[in-house]
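For reference, the structure discussed in these notes is given below.
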Amino acid sequence: MAVEKMKIVGVIGENAILNRVLRLVLVDGSMHTVNALARINSSDFFLPPNEKNIKALEELPFLKPNSSKRDFTHDEQMIAALLNLFSMKPYVRLEHLGQDYDYDEFMQGLSDIYDKVCRTADEVDEKLRSIEQKRAYIDSLKYLRQYNFNIDMLSNMKHLSFKLLKLSKENYTKLKKNYENIPAVVLKVAEESKDVIVAVITPIILEETVERIFGSLNYTLLSLPTWISGTAAEAIDELTDSIKEDQDAVEFLKKSLKEYRVKFAEEFEKGFSRLEMEEKIEELKSDIAVGDKLFFMFGFVPISCVPRLENSLKQQFKDAVIVLTDEADASDSIITPPTKLSNSRIFRPFETLVKMYGTPAYNEIDPTVFFSLTYMLLFGAMFGDVGQGLILFLAGTFLEIVMKRTSLGGVLSRVGFASTIFGFIYGSVFGSEEIIEPLVVRPMANINFMLVAAIVLGVFLTIAGYIYNIMNSYIDRNMEEGIFGRNGVVGLAFYLIVLYAVTRTVLVNSGISPVMVYTLICLLLLMVFKQPLANSITHAGKLYSGSPTDYYIEEGFGIIETLLSMMSNTISFIRVGAFALNHVGLYMAFATMGEMIGSAWGNILLLVLGNVIIIGLEGLIVFIQALRLEYYELFTKYFRGDGIEYAPAKIKRKSFNDRKLDTAHSSV
């Protein structure tokens with residue numbers, strides 16, 4: 001239940017095996033890569049001067065960033081086209097990546113398969129277009145079937161052109177009125193429900209003039225075959241036979257495509273997986289330093305994963321690589337170790353809420369457990385109800401287990417459990433306080449107790465926040481904030497004294513003693529002079545990190561902020577008691593309206609509706625208010641959240657987007 005410790009693992013090897021090494025690192029999926037040159041230039045980097053490291057030591061002064069960039073556009077289009085053509089879902093199989101292979105050689109083989117598939121697919125498309133065109137010819141020839149003349153004679157006339165047009169009846173009427181102005185022979189050959197089919201014979205030299213006249217009639221030109229002889233009926237029979245031949249050819253070609261899928265499906269899957277691997281490899285190369293013969297790569301690896309990665313590298317590459325392992329130094333300003341949270345399953349869902357504020361630093365105490373417990377406490381106290389809590393618990397469990405929404409479902413089930421526990425404490429079931437007896441207190445019957453208890457809870461949580469900050473500052477060796485800061489030892493002492501003074505004034509009606517006033521003034525002065533005091537004690541080079549004037553102006557405003565926020569932050573927790581009362585009051589409002597209806601069924605329906613609104617609306621408000629208390633009243637005291645999240649280099653399942661698939665489809 002903490003931040004998992006890291007080690008820096010370095011790999012040095014010949015440039016020729018760089019891709020293979022990166023492939024192994026990606027399959028292992030444990031290394032958070034860092035810039036190799038930054039690591040080499042860091043203060044704690046040391047390469048032992050021995051016989052094994054001679055070549056590496058010789059290249060160290062001449063290393064440069066890896067600037068190679070490879071374009072995978074053609075490979076992406078090819079693989080996307082194959083997967084789209086065969087309706088295959090793209091996903092990565094690790095067994096296709098762990099094998100030793102040459103990417104370029106594999107892609108060349110896949111390209112040969114792709115060419116064959118494309119030729120077959122093109123033939124299918126060509127045959128289908130041919131079938132469509134022939135069917136259009138048949139539809140046109142049906143209008144001429146009643147005439148006994150050869151089609152090719154009309155199509156191949158030397159001085160005349162023959163066209164078959166379809167017009168609307170309205171436009172045909174306009175055409176008839178202008179017969180005398182048309183230098184062509186117009187013959188009505190058929191009539192349909194809304195259209196008229198006409199044959200137009202025009203001298204070729206007047207074809208342009210006729211076209212201008214017909215252009216206003218919104219006609220449709222019916223296509224006729226020029227390569228078929230005989231009558232329209234004979235042409236239709238010939239085209240019908242030709243369509244049958246094309247259909248048989250299409251079936252044969254489609255069968256061939258199915259055989260391609262059966263035979264090469266695994267190759268297509270390999271292609272997608274290996275393309276993803278190569279693209280990821282190119283991304284990683286930007287962090288690698290290269291010399292004339294060797295490459296250098298470094299990354300952070302969790303301590304639990306280091307032996308596995310070392311063994312894999314040594315087993316596959318033996319003496320061809322040098323593996324370096326060093327402790328991660330959080331104080332190095334050049335390279336900051338990433339943070340990998342390691343929490344039990346109970347608290348893991350709350351990591352998402354913590355990361356919404358920020359990622360814990362590597363040398364910072366992970367606040368997830370404390371956040372989880374206090375968040376469940378705050379939510380349960382504000383939304384205590386057995387029935388409504390069980391509904392939240394069941395809904396969260398369904399989301400977590402069935403829907404695999406582990407973060408949302410996990411948080412919901414746990415706050416629902418907390419709500420159920422507080423429901424027994426308050427004696428509340430679906431808003432009613434008449435079903436069970438409370439284990440501790442009924443909120444509406446003890447309003448003052450609820451409000452005071454909320455403030456007391458806020459005091460304890462605030463003190464816990466101070467203690468957390470002191471512990472973090474101790475780990476970080478930050479005396480300035482840990483001892484003299486407003487959230488350090490001095491700030492905690494000031495808070496406790498003010499708290500004691502306020503409590504004594506309220507309960508005993510006694511004033512504040514002069515000693516207490518002087519003590520508070522001294523503590524404020526310690527907070528103002530925290531930087532020069534800390535630097536003097538630690539023997540730092542200078543008292544102030546910047547301008548003294550700017551420092552004291554900033555700290556002056558900081559003291560004012562401390563005085564204003566110290567008590568307001570504590571009083572802010574009164575909302576916990578207020579929402580506990582509001583929860584009961586909201587149910588009472590719905591219960592009163594239900595009684596006013598005067599109908600048993602109406603009363604029940606209104607109570608059900610009221611509980612739905614309370615669970616949905618008030619539950620959301622309480623969720624946000626509890627989060628606000630955590631973020632603004634607690635996190636601001638002890639949590640920096642300026643860490644780098646652990647993001648190891650690994651292959652993830654990824655599909656091509658629609659744009660790539662569309663492009664691929666058009667290319668096929």
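Please note that chains go A, B, ... in the order of the structure tokens, that every chain numbers its residues from 1, and that ligands are numbered from 1 in the order shown.
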DSSP-assigned strand (DSSP E) among range 284-404 of chain A, expressed as a list in words: Ala289, Val290, Leu294, Phe295, Phe296, Met297, Phe298, Gly299, Phe300, Val301, Pro302, Val321, Ile322, Val323, Leu324, Thr325, Asp326, Glu327, Leu341 and Ser342 of chain A
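Secondary structure from DSSP on the backbone puts alpha helix (DSSP H) at the following positions of range 285-324 of chain A: Val306, Pro307, Arg308, Leu309, Glu310, Asn311, Ser312, Leu313, Lys314, Gln315, Gln316 and Phe317 of chain A.
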Output C-alpha atoms of each residue in that selection to a file, as a PDB file, in the first residue's frame.
ATOM      1  CA  VAL A 306      13.712  -6.437 -12.802  1.00  0.00           C
ATOM      2  CA  PRO A 307      14.799 -10.122 -12.514  1.00  0.00           C
ATOM      3  CA  ARG A 308      12.356 -11.191 -15.226  1.00  0.00           C
ATOM      4  CA  LEU A 309      13.534  -8.515 -17.666  1.00  0.00           C
ATOM      5  CA  GLU A 310      17.216  -9.234 -16.960  1.00  0.00           C
ATOM      6  CA  ASN A 311      16.751 -12.971 -17.477  1.00  0.00           C
ATOM      7  CA  SER A 312      14.861 -12.443 -20.762  1.00  0.00           C
ATOM      8  CA  LEU A 313      17.611 -10.173 -22.126  1.00  0.00           C
ATOM      9  CA  LYS A 314      20.412 -12.520 -21.100  1.00  0.00           C
ATOM     10  CA  GLN A 315      18.662 -15.642 -22.390  1.00  0.00           C
ATOM     11  CA  GLN A 316      17.911 -14.175 -25.824  1.00  0.00           C
ATOM     12  CA  PHE A 317      21.008 -12.025 -26.429  1.00  0.00           C
TER      13      PHE A 317
END
Each residue of range 503-577 of chain A with at least one atom at most 12 Å from range 361-378 of chain A should appear once, together with its nearest atom pair and the corresponding distance in Å (one decimal); atoms considered: only C-alpha atoms; ordering: chain, then increasing residue number; output as a Markdown table.
| residue | atom | partner | partner_atom | distance |
| --- | --- | --- | --- | --- |
| A:Phe573 | CA | A:Leu378 | CA | 9.3 |
| A:Ile574 | CA | A:Leu378 | CA | 11.1 |
| A:Arg575 | CA | A:Leu378 | CA | 9.9 |
| A:Val576 | CA | A:Leu378 | CA | 6.7 |
| A:Gly577 | CA | A:Leu378 | CA | 9.7 |
Which neighbours of Thr562 in chain A fall inside 9 Å, counting only C-alpha atoms, when residues of the same chain fewer than 4 positions from it are skipped, and could you give them as a list in words? Arg486, Gly491, Phe557, Gly558, Met566 and Met567 of chain A
Next, dump the selected residues to file, keeping only N, CA and C atoms, as a PDB file, in the first residue's frame.
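Contents of selection_1.pdb, as written:
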ATOM      1  N   ARG A 486       3.634  26.358   7.268  1.00  0.00           N
ATOM      2  CA  ARG A 486       2.288  26.526   7.830  1.00  0.00           C
ATOM      3  C   ARG A 486       1.568  25.193   7.996  1.00  0.00           C
ATOM      4  N   GLY A 491       3.118  24.940  12.181  1.00  0.00           N
ATOM      5  CA  GLY A 491       1.723  25.166  11.801  1.00  0.00           C
ATOM      6  C   GLY A 491       0.774  24.312  12.625  1.00  0.00           C
ATOM      7  N   PHE A 557       1.551  37.687   2.915  1.00  0.00           N
ATOM      8  CA  PHE A 557       0.225  37.267   2.444  1.00  0.00           C
ATOM      9  C   PHE A 557      -0.077  35.829   2.858  1.00  0.00           C
ATOM     10  N   GLY A 558       0.976  35.006   2.909  1.00  0.00           N
ATOM     11  CA  GLY A 558       0.778  33.610   3.320  1.00  0.00           C
ATOM     12  C   GLY A 558       0.276  33.505   4.751  1.00  0.00           C
ATOM     13  N   MET A 566      -7.328  28.639   8.432  1.00  0.00           N
ATOM     14  CA  MET A 566      -7.140  27.599   9.440  1.00  0.00           C
ATOM     15  C   MET A 566      -8.453  27.191  10.097  1.00  0.00           C
ATOM     16  N   MET A 567      -9.222  28.174  10.556  1.00  0.00           N
ATOM     17  CA  MET A 567     -10.491  27.855  11.191  1.00  0.00           C
ATOM     18  C   MET A 567     -11.592  27.569  10.170  1.00  0.00           C
TER      19      MET A 567
END
With a distance cut-off of 9 Å and only C-alpha atoms, select the neighbouring residues of range 56-68 of chain A, excluding the residue or stretch itself and same-chain residues fewer than 5 positions from it, and output the selection as a PDB file with N, CA and C atoms, in the first residue's frame.
ATOM      1  N   ILE A  12      22.723  -1.839 -23.263  1.00  0.00           N
ATOM      2  CA  ILE A  12      23.679  -1.388 -24.285  1.00  0.00           C
ATOM      3  C   ILE A  12      23.944  -2.551 -25.225  1.00  0.00           C
ATOM      4  N   GLY A  13      23.865  -2.312 -26.519  1.00  0.00           N
ATOM      5  CA  GLY A  13      24.085  -3.380 -27.485  1.00  0.00           C
ATOM      6  C   GLY A  13      24.388  -2.827 -28.860  1.00  0.00           C
ATOM      7  N   ASN A  35      14.945   9.381 -21.467  1.00  0.00           N
ATOM      8  CA  ASN A  35      15.920   9.831 -22.451  1.00  0.00           C
ATOM      9  C   ASN A  35      17.316   9.343 -22.065  1.00  0.00           C
ATOM     10  N   ALA A  36      17.945   8.600 -22.974  1.00  0.00           N
ATOM     11  CA  ALA A  36      19.237   7.986 -22.669  1.00  0.00           C
ATOM     12  C   ALA A  36      20.324   9.024 -22.424  1.00  0.00           C
ATOM     13  N   LEU A  37      20.334  10.097 -23.206  1.00  0.00           N
ATOM     14  CA  LEU A  37      21.358  11.118 -23.026  1.00  0.00           C
ATOM     15  C   LEU A  37      21.201  11.833 -21.680  1.00  0.00           C
ATOM     16  N   ILE A  40      22.649   9.460 -19.086  1.00  0.00           N
ATOM     17  CA  ILE A  40      24.113   9.419 -19.144  1.00  0.00           C
ATOM     18  C   ILE A  40      24.713  10.695 -18.545  1.00  0.00           C
ATOM     19  N   LEU A  47      29.545   3.931 -15.533  1.00  0.00           N
ATOM     20  CA  LEU A  47      29.757   2.722 -16.311  1.00  0.00           C
ATOM     21  C   LEU A  47      31.105   2.141 -15.905  1.00  0.00           C
ATOM     22  N   PRO A  48      31.101   0.987 -15.229  1.00  0.00           N
ATOM     23  CA  PRO A  48      32.366   0.422 -14.723  1.00  0.00           C
ATOM     24  C   PRO A  48      33.397   0.233 -15.830  1.00  0.00           C
ATOM     25  N   PRO A  49      34.638   0.670 -15.626  1.00  0.00           N
ATOM     26  CA  PRO A  49      35.690   0.513 -16.641  1.00  0.00           C
ATOM     27  C   PRO A  49      36.298  -0.887 -16.612  1.00  0.00           C
ATOM     28  N   GLU A 282       9.427   2.551 -33.214  1.00  0.00           N
ATOM     29  CA  GLU A 282       9.870   3.846 -33.737  1.00  0.00           C
ATOM     30  C   GLU A 282       9.635   4.966 -32.722  1.00  0.00           C
ATOM     31  N   LYS A 285      12.411   4.837 -30.091  1.00  0.00           N
ATOM     32  CA  LYS A 285      13.745   5.203 -30.557  1.00  0.00           C
ATOM     33  C   LYS A 285      14.084   6.662 -30.289  1.00  0.00           C
ATOM     34  N   SER A 286      13.076   7.493 -30.081  1.00  0.00           N
ATOM     35  CA  SER A 286      13.350   8.910 -29.809  1.00  0.00           C
ATOM     36  C   SER A 286      14.059   9.099 -28.474  1.00  0.00           C
ATOM     37  N   ASP A 287      13.966   8.106 -27.560  1.00  0.00           N
ATOM     38  CA  ASP A 287      14.628   8.196 -26.256  1.00  0.00           C
ATOM     39  C   ASP A 287      15.985   7.510 -26.248  1.00  0.00           C
ATOM     40  N   ILE A 288      16.381   6.918 -27.353  1.00  0.00           N
ATOM     41  CA  ILE A 288      17.602   6.113 -27.393  1.00  0.00           C
ATOM     42  C   ILE A 288      18.758   6.934 -27.938  1.00  0.00           C
ATOM     43  N   ALA A 289      19.933   6.719 -27.361  1.00  0.00           N
ATOM     44  CA  ALA A 289      21.155   7.350 -27.850  1.00  0.00           C
ATOM     45  C   ALA A 289      21.945   6.316 -28.647  1.00  0.00           C
ATOM     46  N   VAL A 290      22.526   6.739 -29.765  1.00  0.00           N
ATOM     47  CA  VAL A 290      23.266   5.811 -30.625  1.00  0.00           C
ATOM     48  C   VAL A 290      24.647   6.376 -30.918  1.00  0.00           C
ATOM     49  N   GLY A 291      25.596   5.458 -31.086  1.00  0.00           N
ATOM     50  CA  GLY A 291      26.930   5.802 -31.526  1.00  0.00           C
ATOM     51  C   GLY A 291      27.194   5.157 -32.874  1.00  0.00           C
ATOM     52  N   ASP A 292      28.464   4.980 -33.227  1.00  0.00           N
ATOM     53  CA  ASP A 292      28.792   4.364 -34.516  1.00  0.00           C
ATOM     54  C   ASP A 292      28.380   2.904 -34.551  1.00  0.00           C
ATOM     55  N   LYS A 293      28.502   2.209 -33.417  1.00  0.00           N
ATOM     56  CA  LYS A 293      28.234   0.769 -33.404  1.00  0.00           C
ATOM     57  C   LYS A 293      27.226   0.348 -32.339  1.00  0.00           C
ATOM     58  N   LEU A 294      27.089   1.141 -31.284  1.00  0.00           N
ATOM     59  CA  LEU A 294      26.272   0.729 -30.145  1.00  0.00           C
ATOM     60  C   LEU A 294      25.096   1.674 -29.914  1.00  0.00           C
ATOM     61  N   PHE A 295      24.069   1.134 -29.266  1.00  0.00           N
ATOM     62  CA  PHE A 295      22.944   1.940 -28.802  1.00  0.00           C
ATOM     63  C   PHE A 295      22.898   1.886 -27.279  1.00  0.00           C
ATOM     64  N   PHE A 296      22.323   2.923 -26.666  1.00  0.00           N
ATOM     65  CA  PHE A 296      22.162   2.999 -25.215  1.00  0.00           C
ATOM     66  C   PHE A 296      20.690   3.314 -24.934  1.00  0.00           C
TER      67      PHE A 296
END
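Taking only C-alpha atoms into account, Tyr103 in chain A lies nearest to A:Glu278 out of the set A:Glu278, A:Asp476, A:Glu400, A:Glu283.
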Which polymer residues have any atom within 10 Å of an atom of Ile497 in chain A, counting only C-alpha atoms, with same-chain residues fewer than 5 positions away left out, as a list in words? Gly491, Leu492, Val502, Thr503, Met516, Val517, Thr519 and Leu520 of chain A
Spatial neighbours of range 186-202 of chain A, 7 Å, only C-alpha atoms, chain gap at least 6 places, as JSON, numbers by chain: {"A": [143, 160, 161, 162, 163, 164, 165, 166, 167, 168, 169, 172]}
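From CA of Gly619 in chain A back to CA of Glu633 in chain A, the distance works out to 20.6 Å.
Around Ile303 in chain A, within 12 Å and counting only C-alpha atoms, the residues found are Val3, Glu4, Lys5, Met6, Lys7, Ile8, Val9, Ser30, Met31, Phe300, Val301, Cys305, Val306, Pro307, Arg308, Leu309, Glu310, Thr325, Asp326, Glu327, Ala328 and Lys340 of chain A, once anything fewer than 2 positions away on its own chain is removed.
Here CA of Phe422 in chain A stands at a distance of 10.1 Å from CA of Val441 in chain A.
Each of A:Val354, A:Leu22, A:Leu253, A:Ala589 was checked against Cys118 in chain A using only C-alpha atoms; the smallest atom-to-atom distance is that of A:Leu253.
The gap separating CA of Val429 in chain A from CA of Gly409 in chain A is 22.5 Å, in Å to one decimal.
Proximity of A:Asp248, A:Ile334, A:Asn343, A:Met88 to Arg261 in chain A, computed with only C-alpha atoms, is greatest for A:Met88.
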I need the residue nearest Asn53 in chain A from this list: A:Glu618, A:Asp319, A:Glu170, A:Glu480. Use only C-alpha atoms for the distance. A:Asp319
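For the choices A:Phe449, A:Phe383, A:Phe579, A:Phe590, the atom-to-atom distance to Asn603 in chain A is smallest for A:Phe590 when using only C-alpha atoms.
The shortest atom-to-atom distance to Leu154 in chain A, with only C-alpha atoms taken into account, belongs to A:Thr231 out of A:Asn178, A:Ser428, A:Thr231, A:Thr538.
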Please report, as a tab-separated table, each residue of range 572-635 of chain A lying at most 10 Å from range 386-398 of chain A, together with the nearest pair of atoms and the separation in Å rounded to one decimal; use only C-alpha atoms, and order rows by chain and ascending residue number.
residue	atom	partner	partner_atom	distance
A:Asn611	CA	A:Gln388	CA	7.6
A:Val612	CA	A:Gln388	CA	8.9
A:Ile614	CA	A:Gln388	CA	8.6
A:Ile615	CA	A:Gln388	CA	6.5
A:Gly616	CA	A:Leu392	CA	9.8
A:Gly619	CA	A:Leu392	CA	9.2
